[in-house]
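One structure is given below, encoded as structure tokens.
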Amino acid sequence: MHTETLTQTYPVTTGTLREITLRINGEERRLSVLPYVSLLDALREYLDLTGTKKGCDHGQCGACTVLCDGKRIISCLTLAVMKEGAEITTIEGIDHPIQQAFIDHDAFQCGYCTPGQICSAVGMLQEGKAKSRDEVKDQMSGNLCRCGANQQIIDAIMDVKGGENE
Amino acid sequence: MNNFSYQRAATLSDVVGKSTFVAGGTNLLDLMKYNLSNADTLIDVNALTDFHAIEEVPDGLRLGSLATNADTAYDSLVENRYPLLSKAILAGASAQIRNMATNGGNLLQRTRCYYFYDAHAPCNKRVPGSGCSAIKGYNRNMAILGTSDQCIAVYPSDMSVALSALDAVVNVSGLNGERSIAFEDFHRLPGDTPEIDNNLQPGELITSIDLPEKTFTKNYSYLKLRDRSSYAFALISVATALELEGDTIQEARIALGGVAHKPWRVKEAEQYLTGKKTDRQNFAAAADIILQGAVGFEHNAFKIELAKRAIIRNCIMALDPSTQLPGAQPSA
């Protein structure tokens, strides 16, 4: 069986730290990070903003969704150093009717995917592209819920959107 | 992931001749986390503002390589003139990833072959000469056309399937200046060098993608068949663009995704359809031409018949694009 030799192990602790300033939830936060630190790890490990969740860390689950300049992105596949000057909104900075709708519609069980679901829903509502329930389902497919609360999540979004909830 | 240094490019001259570039990062950073890419230096090209625009050019539309997939799919010029491209982009990835991923990066996506990602498995694309684990392995998602005894990996982009059908042109800039590459010449078949995905030379940067004047706004369809109805790579996808006069085909374009190491187009099938009526038998005959030479492996032989049916179905859907459903699913 062929195996590759890893030249360095993860996490890396040597290298040149970069001083960066991120704008998060309306506040400027300064931090020193190595270039490989993802935005997700910067939020959770450096800034104690642990509302943003690490699910797969590979862009497959959506648990780490945040808003960047008003658009939903996954924070695991971007670097903190790439986001200097951007306006980042995490679940800690969200105040939106979708939160009450998630409670009203019982749109979660374990709650692990919820911060990402809510950030994604806020981003989707701002985009304004999804009209029908089917379009909302397609537009929310980047957020997985392993508890299976998907129907209620879509119900909550449709409730806030004010669209037909057939 | 290895450690690396990070630089921001301010002008094109900071970039040409260098590697490795990061724009959206959605594929590159994932590959780095798996140690499948281990650049010493990442050059962030996002500040190259010249390559963000989507703009009209004399012979069509120019898509900046740094425009995001979402901004491209929802651009009014793209939606109105190249709806096939818009549909194909929106069938790929998730909304979050489309907000990050750029057009240039989309073209440079690497395969999602599981053995390519598994550092413990032989893979000629990852380590040339180590062997192909997919040929006798679990190859359900692998290629059926244009394979070699070195590699049966599939190129995963949806956007590129539409770009192939639309005869797009890729503009690149490098140490030897600028050049333009016809879309069909951009990606490669695996042959004996499966480690090379495309004909971009080291140090070259994709600057834009040109769409020619021919838009196919009336009869087009993108169909994507996959194991779940959204946010999965294609088992088979088809981009169809037709120009009709009554029920007679003036011009046909058909490109397949999920079947090969590049988008798959067979001009003979398109020529066969020219002048024919828009009926199922003709579409079926074209599908047979496109799948000529297809070879299935243990777990993916079903794709040959699936591709033929997808082609027929998508040509019929193209006759009435209003029947299309979100996520490029088959119409009811």
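Identifiers in the structure tokens: chain A, B, ... in order shown; residue index from 1 per chain; ligand index from 1 in order shown.
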
Quick one: which residues from chain B are at most 8 Å off chain A, using only C-alpha atoms, as a ChimeraX atom specification? /B:1-6,24-27,29-30,35,44,93-97,99-100,119-122,130,230-231,326-327

Select from stretch 80-297 of chain B everything DSSP, run on the backbone, classes as strand (DSSP E or B), then give the selection as a ChimeraX atom specification. /B:102,123,132,148,151,169-174,177-182,187,198,205-212,219-225,236-245,248-257,264-265,277

Please, could you write that set of residues out with C-alpha atoms as a PDB file, in the first residue's frame?
```pdb
ATOM      1  CA  THR B 102     -15.010  32.144  -8.527  1.00  0.00           C
ATOM      2  CA  CYS B 123      -3.695   7.086  -7.302  1.00  0.00           C
ATOM      3  CA  CYS B 132      -5.297   3.500 -10.069  1.00  0.00           C
ATOM      4  CA  SER B 148      -7.238   5.454 -19.726  1.00  0.00           C
ATOM      5  CA  CYS B 151      -7.177   7.018 -14.480  1.00  0.00           C
ATOM      6  CA  VAL B 169     -13.134  30.730 -24.632  1.00  0.00           C
ATOM      7  CA  VAL B 170     -10.748  30.874 -21.654  1.00  0.00           C
ATOM      8  CA  ASN B 171      -8.410  33.901 -21.545  1.00  0.00           C
ATOM      9  CA  VAL B 172      -5.198  33.476 -19.576  1.00  0.00           C
ATOM     10  CA  SER B 173      -2.185  35.587 -18.770  1.00  0.00           C
ATOM     11  CA  GLY B 174       1.328  34.346 -18.086  1.00  0.00           C
ATOM     12  CA  GLY B 177       1.773  37.227 -22.384  1.00  0.00           C
ATOM     13  CA  GLU B 178      -1.889  36.569 -22.966  1.00  0.00           C
ATOM     14  CA  ARG B 179      -3.508  33.738 -24.871  1.00  0.00           C
ATOM     15  CA  SER B 180      -6.988  32.389 -25.447  1.00  0.00           C
ATOM     16  CA  ILE B 181      -7.897  28.718 -25.202  1.00  0.00           C
ATOM     17  CA  ALA B 182     -11.004  27.209 -26.805  1.00  0.00           C
ATOM     18  CA  HIS B 187      -9.398  20.400 -19.986  1.00  0.00           C
ATOM     19  CA  ASN B 198      -5.869  21.019 -17.959  1.00  0.00           C
ATOM     20  CA  LEU B 205      -3.672  32.889 -14.407  1.00  0.00           C
ATOM     21  CA  ILE B 206      -7.176  32.686 -15.873  1.00  0.00           C
ATOM     22  CA  THR B 207      -8.271  36.286 -16.350  1.00  0.00           C
ATOM     23  CA  SER B 208     -11.686  35.872 -17.996  1.00  0.00           C
ATOM     24  CA  ILE B 209     -14.050  33.584 -19.857  1.00  0.00           C
ATOM     25  CA  ASP B 210     -15.649  34.811 -23.073  1.00  0.00           C
ATOM     26  CA  LEU B 211     -19.097  33.735 -24.187  1.00  0.00           C
ATOM     27  CA  PRO B 212     -19.686  34.072 -27.928  1.00  0.00           C
ATOM     28  CA  ASN B 219     -34.488  26.342 -26.125  1.00  0.00           C
ATOM     29  CA  TYR B 220     -32.055  25.208 -23.486  1.00  0.00           C
ATOM     30  CA  SER B 221     -31.977  22.910 -20.483  1.00  0.00           C
ATOM     31  CA  TYR B 222     -29.549  21.684 -17.848  1.00  0.00           C
ATOM     32  CA  LEU B 223     -30.384  18.354 -16.250  1.00  0.00           C
ATOM     33  CA  LYS B 224     -28.402  17.012 -13.307  1.00  0.00           C
ATOM     34  CA  LEU B 225     -28.975  13.489 -11.998  1.00  0.00           C
ATOM     35  CA  ILE B 236     -24.774  12.395 -15.109  1.00  0.00           C
ATOM     36  CA  SER B 237     -25.496  15.932 -16.209  1.00  0.00           C
ATOM     37  CA  VAL B 238     -26.499  17.244 -19.619  1.00  0.00           C
ATOM     38  CA  ALA B 239     -26.466  20.735 -21.081  1.00  0.00           C
ATOM     39  CA  THR B 240     -28.613  21.088 -24.182  1.00  0.00           C
ATOM     40  CA  ALA B 241     -29.004  24.175 -26.358  1.00  0.00           C
ATOM     41  CA  LEU B 242     -31.158  24.082 -29.473  1.00  0.00           C
ATOM     42  CA  GLU B 243     -31.913  26.539 -32.223  1.00  0.00           C
ATOM     43  CA  LEU B 244     -35.209  25.665 -33.850  1.00  0.00           C
ATOM     44  CA  GLU B 245     -37.276  26.726 -36.786  1.00  0.00           C
ATOM     45  CA  THR B 248     -36.859  21.533 -37.208  1.00  0.00           C
ATOM     46  CA  ILE B 249     -33.463  21.723 -35.511  1.00  0.00           C
ATOM     47  CA  GLN B 250     -31.184  24.366 -37.030  1.00  0.00           C
ATOM     48  CA  GLU B 251     -28.388  23.857 -34.555  1.00  0.00           C
ATOM     49  CA  ALA B 252     -27.888  21.579 -31.556  1.00  0.00           C
ATOM     50  CA  ARG B 253     -25.356  21.608 -28.766  1.00  0.00           C
ATOM     51  CA  ILE B 254     -25.161  18.780 -26.235  1.00  0.00           C
ATOM     52  CA  ALA B 255     -22.497  18.480 -23.526  1.00  0.00           C
ATOM     53  CA  LEU B 256     -22.296  15.838 -20.801  1.00  0.00           C
ATOM     54  CA  GLY B 257     -20.922  16.122 -17.275  1.00  0.00           C
ATOM     55  CA  TRP B 264     -17.988  15.612 -23.170  1.00  0.00           C
ATOM     56  CA  ARG B 265     -19.209  16.885 -26.517  1.00  0.00           C
ATOM     57  CA  LYS B 277     -37.332  17.074 -36.419  1.00  0.00           C
TER      58      LYS B 277
END
```

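Coordinates place atom CA of B:Leu66 at a distance of 16.3 Å from atom CA of B:Ser13.
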
DSSP on the backbone: which residues in stretch 24-132 of chain A end up as helix (DSSP H, G or I)? Give the answer as a ChimeraX atom specification. /A:39-46,75-77,80-83,91-93,97-104,114-127

Between atom CA of B:Ile89 and atom CA of B:Thr72, what distance in Å does the model show, to one decimal? 8.3 Å

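By only C-alpha atoms, and with residues fewer than 6 positions from A:Pro115 along its chain excluded, the set lying at most 7 Å from it is Gly51, Thr52, Ala63 and Ile91 of chain A.
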
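The residue that comes closest to B:Ala332, out of B:Arg228, B:Arg313, B:His299, B:Lys262 and on the basis of only C-alpha atoms, is B:Arg313.
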
As an exercise, work out the distance from atom CA of B:Tyr34 to atom CA of A:Thr90 in Å and give it to one decimal place. 26.5 Å

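The residue that comes closest to A:Glu28, out of A:Ala86, A:Leu40, A:Leu49, A:Ile118 and on the basis of only C-alpha atoms, is A:Ala86.
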
Can you list, as an MDAnalysis selection string, every protein, DNA or RNA residue that comes within 12 Å of A:His96 when you count only C-alpha atoms, leaving out same-chain residues fewer than 4 positions away? chainID A and resid 91:92 100:102 118:119 121:123 125:126 157 160:161

Quick one: residues within 12 Å of A:Arg146, only C-alpha atoms, excluding same-chain residues fewer than 4 positions away - as a list in words? Gly55, Cys61, Gly62, Ala63, Phe108, Gln109, Cys110, Gly111, Tyr112, Cys113, Thr114 and Asn150 of chain A
